[in-house]
$ cat run-v4.pdb   # PDB, C-alpha atoms
ATOM      1  CA  MET A  11      70.285 121.376  94.067
ATOM      2  CA  ARG A  12      66.706 120.823  95.158
ATOM      3  CA  LYS A  13      66.371 117.759  92.899
ATOM      4  CA  ILE A  14      69.516 116.244  94.416
ATOM      5  CA  LEU A  15      68.220 116.812  97.940
ATOM      6  CA  ILE A  16      64.869 115.205  97.062
ATOM      7  CA  PHE A  17      66.714 112.263  95.483
ATOM      8  CA  VAL A  18      68.905 111.730  98.576
ATOM      9  CA  VAL A  19      65.932 111.907 100.948
ATOM     10  CA  THR A  20      63.988 109.461  98.755
ATOM     11  CA  VAL A  21      66.889 106.988  98.714
ATOM     12  CA  LEU A  22      67.226 107.209 102.495
ATOM     13  CA  ILE A  23      63.500 106.624 103.027
ATOM     14  CA  LEU A  24      63.485 103.656 100.634
ATOM     15  CA  SER A  25      66.587 102.237 102.313
ATOM     16  CA  TRP A  26      65.014 102.590 105.745
ATOM     17  CA  ALA A  27      61.832 100.886 104.508
ATOM     18  CA  ALA A  28      63.824  98.043 102.919
ATOM     19  CA  GLN A  29      65.828  97.592 106.133
ATOM     20  CA  ASN A  30      62.748  97.444 108.365
ATOM     21  CA  PHE A  31      60.122  95.670 106.243
ATOM     22  CA  THR A  32      62.069  93.178 104.089
ATOM     23  CA  ASN A  33      64.997  90.792 104.351
ATOM     24  CA  ILE A  34      67.211  93.291 102.530
ATOM     25  CA  LYS A  35      69.572  94.770 105.086
ATOM     26  CA  VAL A  36      70.668  97.929 103.260
ATOM     27  CA  PHE A  37      72.322  99.716 106.157
ATOM     28  CA  ASP A  38      74.098  96.544 107.311
ATOM     29  CA  PHE A  39      75.457  96.127 103.780
ATOM     30  CA  ALA A  40      76.597  99.768 103.679
ATOM     31  CA  LYS A  41      78.267  99.453 107.096
ATOM     32  CA  THR A  42      80.173  96.351 105.953
ATOM     33  CA  PHE A  43      81.102  97.962 102.639
ATOM     34  CA  PHE A  44      82.426 101.200 104.130
ATOM     35  CA  SER A  45      84.309  99.420 106.928
ATOM     36  CA  LYS A  46      86.507  97.750 104.270
ATOM     37  CA  ILE A  47      87.679 101.082 102.790
ATOM     38  CA  ASP A  48      91.124 102.358 103.814
ATOM     39  CA  TRP A  49      90.314 105.876 104.982
ATOM     40  CA  SER A  50      93.848 106.614 106.266
ATOM     41  CA  GLY A  51      94.824 108.668 103.209
ATOM     42  CA  LEU A  52      91.834 110.961 103.696
ATOM     43  CA  SER A  53      92.567 111.940 107.266
ATOM     44  CA  LEU A  54      92.501 115.668 107.928
ATOM     45  CA  SER A  55      94.010 115.238 111.362
ATOM     46  CA  LYS A  56      97.534 116.319 112.125
ATOM     47  CA  PRO A  57     100.049 113.455 111.849
ATOM     48  CA  THR A  58     101.986 112.335 114.927
ATOM     49  CA  PRO A  59     105.582 113.602 114.733
ATOM     50  CA  THR A  60     108.446 111.142 114.353
ATOM     51  CA  PRO A  61     110.830 111.545 117.337
ATOM     52  CA  ALA A  62     114.197 113.226 116.655
ATOM     53  CA  ASP A  63     116.176 110.054 117.360
ATOM     54  CA  LYS A  64     114.219 108.227 114.657
ATOM     55  CA  GLN A  65     114.455 108.408 110.909
ATOM     56  CA  LEU A  66     111.396 108.924 108.754
ATOM     57  CA  ASN A  67     111.372 106.782 105.630
ATOM     58  CA  VAL A  68     109.287 107.894 102.667
ATOM     59  CA  PHE A  69     108.878 105.478  99.789
ATOM     60  CA  ILE A  70     108.386 106.408  96.157
ATOM     61  CA  ARG A  71     105.925 103.834  94.841
ATOM     62  CA  GLY A  72     103.328 103.757  92.097
ATOM     63  CA  ALA A  73     104.052 107.349  91.059
ATOM     64  CA  GLY A  74     103.492 108.700  94.573
ATOM     65  CA  PHE A  75     105.135 109.350  97.950
ATOM     66  CA  VAL A  76     104.165 106.965 100.783
ATOM     67  CA  PRO A  77     103.410 108.532 103.222
ATOM     68  CA  SER A  78     102.835 111.831 101.455
ATOM     69  CA  TYR A  79     102.093 113.812 104.625
ATOM     70  CA  SER A  80     104.281 113.378 107.717
ATOM     71  CA  ALA A  81     105.406 115.208 110.839
ATOM     72  CA  ILE A  82     108.850 115.077 112.428
ATOM     73  CA  ILE A  83     110.750 116.710 115.274
ATOM     74  CA  LYS A  84     113.514 119.231 114.437
ATOM     75  CA  GLU A  85     116.862 117.720 113.453
ATOM     76  CA  SER A  86     115.265 114.464 112.298
ATOM     77  CA  ARG A  87     116.451 112.803 109.107
ATOM     78  CA  VAL A  88     114.063 111.976 106.285
ATOM     79  CA  THR A  89     115.093 109.420 103.669
ATOM     80  CA  TRP A  90     113.228 108.970 100.414
ATOM     81  CA  HIS A  91     113.629 105.519  98.820
ATOM     82  CA  ASN A  92     112.795 105.103  95.134
ATOM     83  CA  GLU A  93     110.954 101.781  94.919
ATOM     84  CA  ASP A  94     109.277 102.704  91.633
ATOM     85  CA  ASP A  95     110.445 101.524  88.216
ATOM     86  CA  LYS A  96     111.018 105.108  87.000
ATOM     87  CA  ILE A  97     113.520 107.861  87.797
ATOM     88  CA  HIS A  98     112.225 110.446  90.301
ATOM     89  CA  THR A  99     113.451 113.438  92.294
ATOM     90  CA  VAL A 100     112.528 115.010  95.617
ATOM     91  CA  SER A 101     112.445 118.791  95.297
ATOM     92  CA  GLY A 102     111.424 121.497  97.736
ATOM     93  CA  GLU A 103     111.936 125.233  97.928
ATOM     94  CA  ASN A 104     115.710 125.807  97.750
ATOM     95  CA  TRP A 105     116.569 122.115  98.187
ATOM     96  CA  GLY A 106     116.345 118.931  96.198
ATOM     97  CA  SER A 107     117.790 115.581  95.307
ATOM     98  CA  PRO A 108     119.558 114.494  92.172
ATOM     99  CA  GLU A 109     117.643 112.118  89.919
ATOM    100  CA  LEU A 110     117.004 108.892  91.831
ATOM    101  CA  ALA A 111     117.099 105.730  89.761
ATOM    102  CA  PRO A 112     115.078 102.732  90.995
ATOM    103  CA  GLY A 113     116.690 101.457  94.195
ATOM    104  CA  GLN A 114     118.441 104.738  95.066
ATOM    105  CA  SER A 115     117.761 106.921  98.139
ATOM    106  CA  TYR A 116     118.114 110.549  99.191
ATOM    107  CA  SER A 117     118.350 111.831 102.792
ATOM    108  CA  ARG A 118     117.961 115.262 104.313
ATOM    109  CA  SER A 119     117.726 116.631 107.853
ATOM    110  CA  PHE A 120     115.308 119.393 108.774
ATOM    111  CA  ASP A 121     116.701 121.797 111.387
ATOM    112  CA  LEU A 122     114.042 124.534 111.342
ATOM    113  CA  SER A 123     110.375 124.276 112.282
ATOM    114  CA  GLY A 124     107.880 124.772 109.503
ATOM    115  CA  GLU A 125     106.038 123.118 106.663
ATOM    116  CA  TYR A 126     108.062 121.805 103.746
ATOM    117  CA  ASP A 127     106.176 121.012 100.557
ATOM    118  CA  TYR A 128     108.002 118.814  98.084
ATOM    119  CA  HIS A 129     107.399 117.223  94.703
ATOM    120  CA  CYS A 130     109.056 115.222  91.950
ATOM    121  CA  SER A 131     110.438 117.664  89.382
ATOM    122  CA  LEU A 132     110.013 115.006  86.666
ATOM    123  CA  HIS A 133     106.405 114.219  87.665
ATOM    124  CA  PRO A 134     104.861 117.414  89.170
ATOM    125  CA  GLU A 135     101.630 115.624  90.132
ATOM    126  CA  MET A 136     103.647 113.745  92.783
ATOM    127  CA  THR A 137     103.555 115.907  95.909
ATOM    128  CA  GLY A 138     104.173 115.577  99.622
ATOM    129  CA  LYS A 139     104.579 117.594 102.811
ATOM    130  CA  ILE A 140     106.820 117.356 105.849
ATOM    131  CA  ILE A 141     105.835 119.275 108.996
ATOM    132  CA  VAL A 142     108.762 119.980 111.305
ATOM    133  CA  GLU A 143     107.873 120.745 114.932
TER     134      GLU A 143
END
$ encode --input "run-v4.pdb" --output "structure tokens"
Amino acid sequence: MRKILIFVVTVLILSWAAQNFTNIKVFDFAKTFFSKIDWSGLSLSKPTPTPADKQLNVFIRGAGFVPSYSAIIKESRVTWHNEDDKIHTVSGENWGSPELAPGQSYSRSFDLSGEYDYHCSLHPEMTGKIIVE
């Protein structure tokens, strides 16, 4: 751990020196580089709920749910659309869809507050969560 800390401090000092004493603009490059990254999937903040009169659409694409983490108001309808080229399911605790071929959809309303984890029973690495407020 100590070697890693020394390495990080050394890199920061060398970067600062390069930024201030040469034409190499290390921090400007890093700022530009990191501003191009889509950080939306890494957000730890609570999602904004979808109003009850709206429908939340979740798309199955590229072996994943998009969005995979959403909030809704009680009695809202969620529809999962399979836009992938494989068959998938949407399965939660005590509920689930039939197998969805490409182009098919499955809808469900959530009447009770709580957190609902779901996954594809055919591809368990595909997971998502609906928060009902």
$ atom_distance --input "run-v4.pdb" --atom1 "atom CA of Arg71 of chain A" --atom2 "atom CA of Arg118 of chain A"
19.1 Å
$ closest_residue --input "run-v4.pdb" --among "A:Val21, A:Asn104, A:Asn67, A:Phe31" --to "Ile82 of chain A" --atoms "all atoms listed in the file"
A:Asn67
$ atom_distance --input "run-v4.pdb" --atom1 "atom CA of His129 of chain A" --atom2 "atom CA of Gly113 of chain A"
18.3 Å
$ atom_distance --input "run-v4.pdb" --atom1 "atom CA of Ser115 of chain A" --atom2 "atom CA of Ala81 of chain A"
19.6 Å
$ closest_residue --input "run-v4.pdb" --among "A:Trp26, A:Phe43, A:Tyr116, A:Tyr128" --to "Thr89 of chain A" --atoms "all atoms listed in the file"
A:Tyr116
$ closest_residue --input "run-v4.pdb" --among "A:Glu85, A:Glu109, A:Asp94, A:Glu103" --to "Leu132 of chain A" --atoms "only C-alpha atoms"
A:Glu109
$ closest_residue --input "run-v4.pdb" --among "A:Leu122, A:Ile34, A:Cys130, A:Leu66" --to "Ile97 of chain A" --atoms "all atoms listed in the file"
A:Cys130
$ residues_near_point --input "run-v4.pdb" --point "(109.0, 108.2, 103.6)" --cutoff "7 Å" --atoms "only C-alpha atoms" --output "PyMOL selection string"
chain A and resi 66-69+75-77+88-90
$ resolve_selection --input "run-v4.pdb" --expression "the PyMOL selection byres ((chain A and resi 121) around 12)" --output "JSON, numbers by chain"
{"A": [62, 82, 83, 84, 85, 86, 87, 88, 118, 119, 120, 122, 123, 124, 125, 126, 141, 142, 143]}
$ closest_residue --input "run-v4.pdb" --among "A:Pro112, A:Asn30, A:Leu24, A:Thr42" --to "Gly72 of chain A" --atoms "all atoms listed in the file"
A:Pro112
$ build_atoms --input "run-v4.pdb" --residues "segment 96-121 of chain A" --atoms "N, CA and C atoms" --output "mmCIF file, in the frame of the given file"
data_model
loop_
_atom_site.group_PDB
_atom_site.id
_atom_site.type_symbol
_atom_site.label_atom_id
_atom_site.label_comp_id
_atom_site.auth_asym_id
_atom_site.auth_seq_id
_atom_site.Cartn_x
_atom_site.Cartn_y
_atom_site.Cartn_z
ATOM 1 N N LYS A 96 110.641 103.920 87.769
ATOM 2 C CA LYS A 96 111.018 105.108 87.000
ATOM 3 C C LYS A 96 111.981 105.966 87.805
ATOM 4 N N ILE A 97 112.650 106.886 87.132
ATOM 5 C CA ILE A 97 113.520 107.861 87.797
ATOM 6 C C ILE A 97 112.643 108.961 88.388
ATOM 7 N N HIS A 98 112.966 109.383 89.621
ATOM 8 C CA HIS A 98 112.225 110.446 90.301
ATOM 9 C C HIS A 98 113.205 111.380 90.992
ATOM 10 N N THR A 99 112.690 112.516 91.453
ATOM 11 C CA THR A 99 113.451 113.438 92.294
ATOM 12 C C THR A 99 112.601 113.798 93.498
ATOM 13 N N VAL A 100 113.227 114.429 94.469
ATOM 14 C CA VAL A 100 112.528 115.010 95.617
ATOM 15 C C VAL A 100 112.978 116.451 95.661
ATOM 16 N N SER A 101 112.072 117.378 95.406
ATOM 17 C CA SER A 101 112.445 118.791 95.297
ATOM 18 C C SER A 101 111.530 119.661 96.140
ATOM 19 N N GLY A 102 112.154 120.520 96.950
ATOM 20 C CA GLY A 102 111.424 121.497 97.736
ATOM 21 C C GLY A 102 111.926 122.882 97.395
ATOM 22 N N GLU A 103 111.485 123.864 98.166
ATOM 23 C CA GLU A 103 111.936 125.233 97.928
ATOM 24 C C GLU A 103 113.380 125.376 98.399
ATOM 25 N N ASN A 104 114.281 125.630 97.488
ATOM 26 C CA ASN A 104 115.710 125.807 97.750
ATOM 27 C C ASN A 104 116.430 124.530 98.191
ATOM 28 N N TRP A 105 115.880 123.377 97.917
ATOM 29 C CA TRP A 105 116.569 122.115 98.187
ATOM 30 C C TRP A 105 116.026 121.048 97.241
ATOM 31 N N GLY A 106 116.798 119.997 97.069
ATOM 32 C CA GLY A 106 116.345 118.931 96.198
ATOM 33 C C GLY A 106 117.384 117.842 96.021
ATOM 34 N N SER A 107 116.923 116.730 95.539
ATOM 35 C CA SER A 107 117.790 115.581 95.307
ATOM 36 C C SER A 107 118.228 115.550 93.852
ATOM 37 N N PRO A 108 119.268 114.791 93.579
ATOM 38 C CA PRO A 108 119.558 114.494 92.172
ATOM 39 C C PRO A 108 118.509 113.496 91.676
ATOM 40 N N GLU A 109 118.565 113.134 90.426
ATOM 41 C CA GLU A 109 117.643 112.118 89.919
ATOM 42 C C GLU A 109 117.938 110.795 90.617
ATOM 43 N N LEU A 110 116.875 110.158 91.113
ATOM 44 C CA LEU A 110 117.004 108.892 91.831
ATOM 45 C C LEU A 110 116.535 107.751 90.939
ATOM 46 N N ALA A 111 117.454 106.907 90.545
ATOM 47 C CA ALA A 111 117.099 105.730 89.761
ATOM 48 C C ALA A 111 116.411 104.722 90.692
ATOM 49 N N PRO A 112 115.688 103.760 90.146
ATOM 50 C CA PRO A 112 115.078 102.732 90.995
ATOM 51 C C PRO A 112 116.124 102.103 91.920
ATOM 52 N N GLY A 113 115.784 102.025 93.202
ATOM 53 C CA GLY A 113 116.690 101.457 94.195
ATOM 54 C C GLY A 113 117.556 102.483 94.906
ATOM 55 N N GLN A 114 117.623 103.717 94.427
ATOM 56 C CA GLN A 114 118.441 104.738 95.066
ATOM 57 C C GLN A 114 117.640 105.493 96.127
ATOM 58 N N SER A 115 118.376 106.174 97.046
ATOM 59 C CA SER A 115 117.761 106.921 98.139
ATOM 60 C C SER A 115 118.371 108.310 98.241
ATOM 61 N N TYR A 116 117.646 109.188 98.920
ATOM 62 C CA TYR A 116 118.114 110.549 99.191
ATOM 63 C C TYR A 116 117.701 110.894 100.612
ATOM 64 N N SER A 117 118.632 111.456 101.407
ATOM 65 C CA SER A 117 118.350 111.831 102.792
ATOM 66 C C SER A 117 118.584 113.308 103.009
ATOM 67 N N ARG A 118 117.823 113.854 103.958
ATOM 68 C CA ARG A 118 117.961 115.262 104.313
ATOM 69 C C ARG A 118 117.475 115.433 105.740
ATOM 70 N N SER A 119 118.165 116.283 106.499
ATOM 71 C CA SER A 119 117.726 116.631 107.853
ATOM 72 C C SER A 119 117.021 117.975 107.809
ATOM 73 N N PHE A 120 116.055 118.142 108.687
ATOM 74 C CA PHE A 120 115.308 119.393 108.774
ATOM 75 C C PHE A 120 115.589 120.012 110.136
ATOM 76 N N ASP A 121 116.269 121.168 110.145
ATOM 77 C CA ASP A 121 116.701 121.797 111.387
ATOM 78 C C ASP A 121 115.788 122.927 111.854
#
